[in-house]
Amino acid sequence: MCKTLKTLPFVLVLSACLITSAAAKEEVITINDLVNDTLGYNGQTVTVEGEAIGEALERGEYSWVNISDGTNAIGIWMTKADEDTIKYYGDFKNLGDTVKVTGVFSRDCSEHGGDVDIHCSSLTIVKSGHSVISAVSQKKLIVAAVLAFFAALLAFFYRRESKKRKSSD
Amino acid sequence: MGSLKTHSPGVYIVSFYTGYIIAGMAFLMLLPLFISLLMGEWNPALDFVISMSISLITGLSLMSFGRSRKTDSSQVDWRYGFIIAALSWIMLMFLCSVPYLLSGHTKSLLDGCFDVMSGFTTTGLVLTQDLDHLSTGLNIWRHMLTFIGGQGMVVLALSFLVKNTNGAYKIYCGEGKDIKLVPNVKGTARIIWKISLIYLLVGTLALWICGMFIGLSPLSAFYHGLNMFESAWSTGGFAPNTQNIMYYHSFAYENITIIFFILGSMNFGLHYAIWQGKKAEMFKNIEMQSFFITSFAACALAAVKLNQLGIYNDAVSIFRRVVYNVLSAHTTTGFGSIYARQFANEWGDFGILIMVIAMLIGGSACSTAGGFKGLRVGIVFKGLVSDIKKVLSPERSVRVAKYHHIKDYVLDDPTVKAAGLIIICYMALFAVTTLLGTFYGYSLADSAFEAASVSGNVGLSIGVTSASMPALMKIQYILAMYLGRLEFISVFALFGFVIGGIKRLCVRH
């Protein structure tokens, strides 16, 4: 009984440490903070959150997915199964899925020729992406039509003047 | 109107040819317009219709004014040639930034102008926001600007537009290109474009195939291949995505870009000589000797130091992160395979200094590259060696120093002086730009790195260039890119012309 009482504080402290460390791992860090302190974060497990951009670059059983959180962008090395969960990638016509990635950060990845990357250990889709349909701007349409008309008119008069000059020469 | 008639013929000549170049560039907007329509990007398509119309109206108005008084193209003397080139660049900077501004991806007209000048001068620094969501049309336009800028807009206009080439050589030289590959300047301009277009086919194909192997879809691989080739060959440094070359995570892709940016940094005269079978030129040419020596030294020194610091420990990392960036800096390309702040936080003062030197030296004269050029470094170095030899030889002995650049030249004092003067101008520009950076509170290393990057038209950043930097620094960077690309003389001629005009007006009134 006495032994149990003695070990109890240790167990409690250890549990507290583990919970804190797990919470710390879950703390989302911005990509800019990561790349601005590559030496400090090198080899650590980090969590980043950002939009999947461009497209997945499949390399056999694994894939590269680049994510951007608005501060910067970074490549995530993940399994093909993880990559398959991402449906939308950000570009002009799409807003990509927002993903939360936890993994080991490397500033000089020995597996990938010194890449600055994150090897994904867990991935969750925080927010689904969607296609972005932007309506044609009426204002732009009118301005474009008016300016194109004036440009064509000027080109017509310039050409007519050129022909006149040529015939008078 | 009566007062206009009293203008010197120069005003009409400058107006006509500047208008001609602007009208020519307006027609080039048809390509991104067509691509926008093809991709169903309606708003970007309207942006290009608006921009093209504004450019065409401006160009035709200038041409109409220019021909309101009869002038002969033989009247285009050196002064006007330089002024036309310099003025065209400024006006096109504003006109070509309209699609950027209308897209909503730049925070101000100044940021748009910055990006256009960065493209024209093949620098590659970017203030455009959210590149990853940029329309295909605008991305094609960005890369087209850098491709055209690399070859030269005046060269383009001369190749396909100007019929009468009397005086054209002077405008052509005004753009910082002074090599005559064939006796006719129009023929020379066409050869420059022929060389570039053949490489465009080969390079795009190579990157397209590689792109598909690294996981890009066929259409996307073509799009990336075309853009990345244009950027590599023009030693530009733009890329379709924020991460630049790091987006691809591929050693093979990086290696292909290295080949093309080194080829792009070589003199068009050298390309032409090699195409004519003069392969020995590769090793005899003073520019190539200078490039091999300085690039090897820079790569070796940076690699040894960064390995010693424990930043990169294996050969592949050293090649991909150190050699790649040093070569990108030396050829003034600006593709970065590490993040901007890694230069500041990991490379140390020695690494940064190596990069600054490499960026300032730059590539070859009459190429797409910037910097004060290997030819001038070689000439000044040979001039120095020759002077030392003269001092050490008996007074009666006569020594004639020579250098080889396509053909043999006698190394005389005016040649050394001219090369030295341009180097001094570059160093002064670098010093002023660095000073301004430090004035705004950036560290000396950061300011010097960014100043070398803009003065040498490189495009690598240590993190200073951003939309939030002071407006005066943006203006100074635009000026530095512009001066660095046109190699000072044209811009000085334009300043002189404007100041002269103002003086005449003051005297008259």
# chains A, B, ... in the order shown; residues from 1 in each chain; ligands from 1
call {"tool": "closest_atom_pairs", "arguments": {"of": "chain A", "to": "chain B", "cutoff": "6 Å", "atoms": "only C-alpha atoms", "output": "Markdown table"}}
result
| residue | atom | partner | partner_atom | distance |
| --- | --- | --- | --- | --- |
| A:Asn36 | CA | B:Arg341 | CA | 5.8 |
| A:Leu57 | CA | B:Gly215 | CA | 4.2 |
| A:Glu58 | CA | B:Gly215 | CA | 4.8 |
| A:Asp91 | CA | B:His133 | CA | 4.3 |
| A:Phe92 | CA | B:His133 | CA | 4.3 |
| A:Gly113 | CA | B:Ser317 | CA | 4.8 |
| A:Gly114 | CA | B:Ser317 | CA | 4.5 |
| A:Val136 | CA | B:Asn43 | CA | 5.8 |
| A:Ala144 | CA | B:Ile50 | CA | 4.8 |
| A:Leu147 | CA | B:Ser53 | CA | 5.6 |
| A:Ala148 | CA | B:Ser53 | CA | 5.2 |
| A:Ala151 | CA | B:Ile57 | CA | 5.2 |
call {"tool": "atom_distance", "arguments": {"atom1": "atom CA of B:Pro99", "atom2": "atom CA of B:Phe222"}}
result
23.3 Å
call {"tool": "closest_residue", "arguments": {"among": "B:Ile361, B:Ile354, B:Ala452, B:Ala273", "to": "B:Ala298", "atoms": "only C-alpha atoms"}}
result
B:Ile354
call {"tool": "closest_residue", "arguments": {"among": "B:Thr128, B:Arg190, B:Ala419, B:Leu37", "to": "B:Lys107", "atoms": "only C-alpha atoms"}}
result
B:Thr128
call {"tool": "residues_around", "arguments": {"residues": "A:Ala73", "least_positions_apart": "4", "cutoff": "8 Å", "atoms": "only C-alpha atoms", "output": "VMD selection string"}}
result
(chain A and resid 31 66 to 69) or (chain B and resid 242 to 243)
call {"tool": "atom_distance", "arguments": {"atom1": "atom CA of B:Ile478", "atom2": "atom CA of B:Val116"}}
result
9.4 Å
call {"tool": "select_by_dssp", "arguments": {"residues": "chain A", "states": "strand (DSSP E or B)", "output": "PyMOL selection string"}}
result
chain A and resi 28+45-59+62-68+73-79+90-91+94-95+98-109+115-127+130-131
call {"tool": "write_last_selection", "arguments": {"atoms": "C-alpha atoms", "output": "PDB file, in the first residue's frame"}}
result
ATOM      1  CA  VAL A  28      -0.829  23.757 -35.247  1.00  0.00           C
ATOM      2  CA  THR A  45       6.908  15.936 -34.955  1.00  0.00           C
ATOM      3  CA  VAL A  46       4.829  18.910 -35.999  1.00  0.00           C
ATOM      4  CA  THR A  47       1.245  19.626 -37.011  1.00  0.00           C
ATOM      5  CA  VAL A  48       0.422  21.952 -39.884  1.00  0.00           C
ATOM      6  CA  GLU A  49      -2.858  22.871 -41.476  1.00  0.00           C
ATOM      7  CA  GLY A  50      -3.345  24.143 -44.992  1.00  0.00           C
ATOM      8  CA  GLU A  51      -4.990  23.873 -48.365  1.00  0.00           C
ATOM      9  CA  ALA A  52      -3.874  21.108 -50.740  1.00  0.00           C
ATOM     10  CA  ILE A  53      -2.664  22.903 -53.868  1.00  0.00           C
ATOM     11  CA  GLY A  54      -1.854  22.064 -57.457  1.00  0.00           C
ATOM     12  CA  GLU A  55      -2.074  18.307 -57.720  1.00  0.00           C
ATOM     13  CA  ALA A  56      -0.690  15.198 -56.062  1.00  0.00           C
ATOM     14  CA  LEU A  57       2.596  13.925 -57.441  1.00  0.00           C
ATOM     15  CA  GLU A  58       2.356  10.159 -57.216  1.00  0.00           C
ATOM     16  CA  ARG A  59       5.562   8.233 -56.615  1.00  0.00           C
ATOM     17  CA  TYR A  62       3.630   7.281 -51.827  1.00  0.00           C
ATOM     18  CA  SER A  63       2.744  10.754 -53.048  1.00  0.00           C
ATOM     19  CA  TRP A  64       3.843  14.338 -52.654  1.00  0.00           C
ATOM     20  CA  VAL A  65       1.070  16.733 -51.750  1.00  0.00           C
ATOM     21  CA  ASN A  66       1.943  20.409 -51.456  1.00  0.00           C
ATOM     22  CA  ILE A  67      -0.062  22.385 -48.943  1.00  0.00           C
ATOM     23  CA  SER A  68      -0.309  26.130 -48.396  1.00  0.00           C
ATOM     24  CA  ALA A  73       3.747  26.222 -48.774  1.00  0.00           C
ATOM     25  CA  ILE A  74       5.472  22.904 -48.063  1.00  0.00           C
ATOM     26  CA  GLY A  75       5.610  19.387 -49.488  1.00  0.00           C
ATOM     27  CA  ILE A  76       4.025  16.537 -47.523  1.00  0.00           C
ATOM     28  CA  TRP A  77       5.221  12.976 -48.172  1.00  0.00           C
ATOM     29  CA  MET A  78       2.276  10.645 -47.567  1.00  0.00           C
ATOM     30  CA  THR A  79       0.960   7.222 -48.461  1.00  0.00           C
ATOM     31  CA  GLY A  90      -6.480  24.421 -55.021  1.00  0.00           C
ATOM     32  CA  ASP A  91      -6.051  26.241 -58.317  1.00  0.00           C
ATOM     33  CA  ASN A  94     -10.965  25.147 -57.188  1.00  0.00           C
ATOM     34  CA  LEU A  95     -10.516  25.743 -53.524  1.00  0.00           C
ATOM     35  CA  THR A  98      -8.000  21.967 -45.994  1.00  0.00           C
ATOM     36  CA  VAL A  99      -5.947  19.228 -44.400  1.00  0.00           C
ATOM     37  CA  LYS A 100      -4.366  18.857 -40.988  1.00  0.00           C
ATOM     38  CA  VAL A 101      -1.119  16.956 -41.165  1.00  0.00           C
ATOM     39  CA  THR A 102       0.997  15.616 -38.330  1.00  0.00           C
ATOM     40  CA  GLY A 103       4.409  14.273 -39.168  1.00  0.00           C
ATOM     41  CA  VAL A 104       8.159  14.552 -38.843  1.00  0.00           C
ATOM     42  CA  PHE A 105       9.658  17.767 -40.209  1.00  0.00           C
ATOM     43  CA  SER A 106      13.042  17.665 -41.945  1.00  0.00           C
ATOM     44  CA  ARG A 107      15.126  20.610 -43.080  1.00  0.00           C
ATOM     45  CA  ASP A 108      17.517  18.315 -44.971  1.00  0.00           C
ATOM     46  CA  CYS A 109      15.568  15.114 -45.612  1.00  0.00           C
ATOM     47  CA  ASP A 115      14.208  18.464 -49.223  1.00  0.00           C
ATOM     48  CA  VAL A 116      12.484  20.598 -46.604  1.00  0.00           C
ATOM     49  CA  ASP A 117       9.459  18.381 -46.015  1.00  0.00           C
ATOM     50  CA  ILE A 118       7.086  16.683 -43.616  1.00  0.00           C
ATOM     51  CA  HIS A 119       6.669  12.914 -43.587  1.00  0.00           C
ATOM     52  CA  CYS A 120       3.013  12.486 -42.769  1.00  0.00           C
ATOM     53  CA  SER A 121       1.973  10.162 -39.954  1.00  0.00           C
ATOM     54  CA  SER A 122      -1.649  11.270 -39.755  1.00  0.00           C
ATOM     55  CA  LEU A 123      -3.899  13.296 -41.999  1.00  0.00           C
ATOM     56  CA  THR A 124      -7.386  14.625 -41.478  1.00  0.00           C
ATOM     57  CA  ILE A 125      -9.578  16.627 -43.795  1.00  0.00           C
ATOM     58  CA  VAL A 126     -10.584  19.673 -41.791  1.00  0.00           C
ATOM     59  CA  LYS A 127     -12.689  21.293 -44.483  1.00  0.00           C
ATOM     60  CA  HIS A 130     -15.108  22.964 -53.747  1.00  0.00           C
ATOM     61  CA  SER A 131     -15.056  24.354 -57.233  1.00  0.00           C
TER      62      SER A 131
END
call {"tool": "atom_distance", "arguments": {"atom1": "atom CA of B:Val432", "atom2": "atom CA of B:Glu487"}}
result
16.1 Å
call {"tool": "residues_around", "arguments": {"residues": "B:Cys299", "least_positions_apart": "6", "cutoff": "12 Å", "atoms": "only C-alpha atoms", "output": "PyMOL selection string"}}
result
chain B and resi 291-293+305-307+318-330+351+354-355+357-358
call {"tool": "write_last_selection", "arguments": {"atoms": "C-alpha atoms", "output": "compact mmCIF listing (two decimals), in the first residue's frame"}}
result
# COMPACT_ATOMS: atom_id res chain seq x y z
CA PHE B 291 32.13 31.35 -66.20
CA PHE B 292 33.76 27.95 -65.63
CA ILE B 293 36.35 29.36 -63.24
CA LYS B 305 31.72 25.69 -46.04
CA LEU B 306 28.13 24.44 -45.70
CA ASN B 307 29.35 20.89 -45.28
CA ILE B 318 24.93 19.41 -51.43
CA PHE B 319 24.29 19.25 -55.15
CA ARG B 320 20.56 19.93 -54.94
CA ARG B 321 20.67 22.65 -52.28
CA VAL B 322 24.08 24.28 -52.67
CA VAL B 323 25.33 23.77 -56.22
CA TYR B 324 21.84 24.32 -57.64
CA ASN B 325 21.36 27.63 -55.85
CA VAL B 326 24.86 28.88 -56.59
CA LEU B 327 24.48 28.07 -60.30
CA SER B 328 21.02 29.60 -60.27
CA ALA B 329 22.56 32.75 -58.76
CA HIS B 330 25.55 32.82 -61.09
CA GLY B 351 27.63 31.52 -47.91
CA ILE B 354 29.53 33.82 -52.16
CA MET B 355 25.96 34.18 -53.40
CA ILE B 357 29.46 37.73 -55.65
CA ALA B 358 27.98 35.08 -57.95
call {"tool": "select_by_dssp", "arguments": {"residues": "stretch 108-145 of chain A", "states": "helix (DSSP H, G or I)", "output": "PyMOL selection string"}}
result
chain A and resi 138-145
call {"tool": "write_last_selection", "arguments": {"atoms": "C-alpha atoms", "output": "PDB file, in the first residue's frame"}}
result
ATOM      1  CA  GLN A 138     -20.573  43.030 -66.015  1.00  0.00           C
ATOM      2  CA  LYS A 139     -18.445  46.092 -65.358  1.00  0.00           C
ATOM      3  CA  LYS A 140     -15.419  44.462 -66.978  1.00  0.00           C
ATOM      4  CA  LEU A 141     -17.523  43.340 -69.919  1.00  0.00           C
ATOM      5  CA  ILE A 142     -18.723  46.884 -70.655  1.00  0.00           C
ATOM      6  CA  VAL A 143     -15.256  48.431 -70.228  1.00  0.00           C
ATOM      7  CA  ALA A 144     -13.724  45.730 -72.462  1.00  0.00           C
ATOM      8  CA  ALA A 145     -16.333  46.291 -75.188  1.00  0.00           C
TER       9      ALA A 145
END
call {"tool": "residues_around", "arguments": {"residues": "B:Trp208", "least_positions_apart": "4", "cutoff": "12 Å", "atoms": "only C-alpha atoms", "output": "count of residues only"}}
result
27
call {"tool": "closest_residue", "arguments": {"among": "B:Ser468, B:Ser455, B:Ser386, B:Thr434", "to": "B:Asp412", "atoms": "only C-alpha atoms"}}
result
B:Ser386
call {"tool": "residues_around", "arguments": {"residues": "B:Phe16", "least_positions_apart": "2", "cutoff": "7 Å", "atoms": "only C-alpha atoms", "output": "list in words"}}
result
Tyr12, Ile13, Val14, Thr18, Gly19, Tyr20, Leu62, Met63, Gly66 and Arg67 of chain B
call {"tool": "residues_around", "arguments": {"residues": "stretch 471-473 of chain B", "least_positions_apart": "5", "cutoff": "9 Å", "atoms": "only C-alpha atoms", "output": "ChimeraX atom specification"}}
result
/B:110,433,436-437,440,465,478
call {"tool": "write_last_selection", "arguments": {"atoms": "N, CA and C atoms", "output": "PDB file, in the first residue's frame"}}
result
ATOM      1  N   LEU B 110       1.778  49.583 -58.241  1.00  0.00           N
ATOM      2  CA  LEU B 110       3.226  49.503 -58.028  1.00  0.00           C
ATOM      3  C   LEU B 110       3.683  48.040 -57.954  1.00  0.00           C
ATOM      4  N   THR B 433      21.477  50.480 -53.445  1.00  0.00           N
ATOM      5  CA  THR B 433      20.325  49.627 -53.116  1.00  0.00           C
ATOM      6  C   THR B 433      20.516  48.969 -51.752  1.00  0.00           C
ATOM      7  N   LEU B 436      19.865  51.586 -49.031  1.00  0.00           N
ATOM      8  CA  LEU B 436      18.443  51.837 -48.797  1.00  0.00           C
ATOM      9  C   LEU B 436      17.825  50.736 -47.927  1.00  0.00           C
ATOM     10  N   GLY B 437      18.244  49.515 -48.173  1.00  0.00           N
ATOM     11  CA  GLY B 437      17.742  48.392 -47.371  1.00  0.00           C
ATOM     12  C   GLY B 437      18.103  48.553 -45.906  1.00  0.00           C
ATOM     13  N   TYR B 440      16.077  51.157 -44.073  1.00  0.00           N
ATOM     14  CA  TYR B 440      14.754  50.711 -43.621  1.00  0.00           C
ATOM     15  C   TYR B 440      14.828  49.614 -42.555  1.00  0.00           C
ATOM     16  N   THR B 465      12.070  40.971 -50.108  1.00  0.00           N
ATOM     17  CA  THR B 465      11.028  41.335 -51.071  1.00  0.00           C
ATOM     18  C   THR B 465       9.677  40.768 -50.652  1.00  0.00           C
ATOM     19  N   ILE B 478      12.754  48.360 -58.650  1.00  0.00           N
ATOM     20  CA  ILE B 478      12.340  48.417 -60.066  1.00  0.00           C
ATOM     21  C   ILE B 478      13.432  49.117 -60.878  1.00  0.00           C
TER      22      ILE B 478
END
